[in-house]
>>> print(open('query.cif').read())   # mmCIF, C-alpha atoms
data_start
#
loop_
_atom_site.label_atom_id
_atom_site.label_comp_id
_atom_site.auth_asym_id
_atom_site.auth_seq_id
_atom_site.Cartn_x
_atom_site.Cartn_y
_atom_site.Cartn_z
CA GLN C 107 101.85 140.70 93.71
CA SER C 108 102.00 139.55 97.33
CA THR C 109 104.90 137.23 96.52
CA CYS C 110 106.79 140.10 94.88
CA ALA C 111 105.98 142.35 97.86
CA ALA C 112 107.78 140.01 100.26
CA CYS C 113 111.10 141.27 98.87
CA HIS C 114 110.29 144.32 96.75
CA GLY C 115 107.78 145.97 99.11
CA ALA C 116 104.03 146.32 98.83
CA ASP C 117 104.42 149.42 96.67
CA GLY C 118 107.36 148.11 94.61
CA ALA C 119 109.74 150.62 96.21
CA GLY C 120 112.06 147.88 97.49
CA LEU C 121 113.10 146.71 100.95
CA PRO C 122 116.55 146.68 102.57
CA GLY C 123 118.74 144.38 100.49
CA TYR C 124 116.21 144.09 97.65
CA PRO C 125 115.85 146.35 94.61
CA ALA C 126 113.00 148.71 93.93
CA LEU C 127 110.92 147.46 91.04
CA ARG C 128 109.67 150.90 90.09
CA GLY C 129 113.11 152.25 89.28
CA ASP C 130 114.59 149.05 87.89
CA ALA C 131 111.60 148.04 85.76
CA SER C 132 111.70 151.32 83.86
CA LYS C 133 115.22 150.45 82.68
CA LEU C 134 114.06 147.19 81.09
CA ALA C 135 112.15 146.21 77.99
CA LEU C 136 108.98 144.23 78.66
CA ALA C 137 110.56 141.06 77.22
CA ASP C 138 113.50 141.35 79.63
CA TYR C 139 111.18 141.98 82.59
CA LYS C 140 109.11 138.90 81.67
CA ARG C 141 112.26 136.79 81.35
CA ILE C 142 113.43 137.82 84.82
CA VAL C 143 110.02 137.04 86.34
CA ARG C 144 109.89 133.66 84.57
CA GLU C 145 113.54 132.57 84.95
CA GLY C 146 114.62 134.52 88.03
CA LYS C 147 117.82 136.50 88.51
CA GLY C 148 120.46 136.26 91.22
CA GLU C 149 118.72 135.17 94.41
CA MET C 150 115.26 135.76 92.94
CA PRO C 151 113.51 132.55 91.86
CA GLY C 152 111.56 132.31 88.63
CA PHE C 153 107.78 132.07 88.64
CA ALA C 154 105.82 129.77 86.32
CA ALA C 155 102.82 130.85 84.24
CA ALA C 156 100.59 128.82 86.57
CA PHE C 157 101.65 131.18 89.36
CA ILE C 158 101.53 134.54 87.53
CA SER C 159 100.08 135.00 84.05
CA ASP C 160 101.76 136.88 81.21
CA ALA C 161 98.85 139.32 81.33
CA GLN C 162 99.50 140.07 85.01
CA ILE C 163 103.25 140.48 84.38
CA GLU C 164 102.43 142.96 81.62
CA ALA C 165 99.96 144.86 83.83
CA ASP C 166 102.52 145.09 86.64
CA PHE C 167 105.20 146.20 84.18
CA ARG C 168 102.95 148.95 82.81
CA ALA C 169 102.22 150.18 86.33
CA LEU C 170 105.88 150.08 87.37
CA THR C 171 107.14 151.88 84.29
CA ALA C 172 104.38 154.48 84.64
CA GLY C 173 105.67 155.21 88.14
CA ILE C 174 102.48 154.23 89.95
CA ASP C 175 102.11 152.08 93.03
CA VAL C 176 101.86 148.44 91.95
CA ARG C 177 98.98 147.96 94.38
CA GLN C 178 97.00 150.09 91.91
CA ALA C 179 98.06 148.04 88.90
CA PRO C 180 95.10 147.30 86.64
CA HIS C 181 93.69 143.83 86.48
CA PRO C 182 94.92 142.22 83.24
CA SER C 183 91.40 142.26 81.82
CA SER C 184 91.18 146.05 82.14
CA THR C 185 92.86 148.71 80.06
CA TRP C 186 93.98 152.03 81.46
CA SER C 187 94.24 155.07 79.24
CA ALA C 188 97.28 157.35 79.34
CA ASP C 189 95.17 159.89 81.26
CA GLU C 190 94.23 157.30 83.88
CA LEU C 191 97.88 156.36 84.33
CA ASP C 192 98.80 160.04 84.69
CA GLU C 193 96.18 160.46 87.42
CA ARG C 194 97.82 157.67 89.43
CA ARG C 195 101.39 159.00 89.20
#
>>> encode(input="query.cif", output="structure tokens")
Amino acid sequence: QSTCAACHGADGAGLPGYPALRGDASKLALADYKRIVREGKGEMPGFAAAFISDAQIEADFRALTAGIDVRQAPHPSSTWSADELDERR
């Protein structure tokens, strides 16, 4: 997440010249989001599985599409209920 935060902001809200993940991620399917993280897009480089796991990408995607701060994204080994996600919105 700290690598993403360098351009997209610590909360995923974006920085000048870089898109907000929260708004943009909700427009994508998980498969498309994963592809962008893995392969990159535009000026954004891709990130290998050794750097960020599929489970962490999925956890970040769930947090972003739920509209919660990515700093509160669940660890991939945890599962948040719909109620828990609602509490964090």
>>> resolve_selection(input="query.cif", expression="the PyMOL selection byres ((chain C and resi 140-148) around 12)", output="ChimeraX atom specification")
/C:107,109-110,124-125,127,130-131,134-139,149-168
>>> atom_distance(input="query.cif", atom1="atom CA of C:His114", atom2="atom CA of C:Arg128")
9.4 Å
>>> axis_aligned_box(input="query.cif", around="stretch 138-144 of chain C", padding_each_side="8 Å", output="AutoDock Vina command-line options")
--center_x 111.3 --center_y 137.8 --center_z 83.0 --size_x 20.4 --size_y 24.3 --size_z 22.7
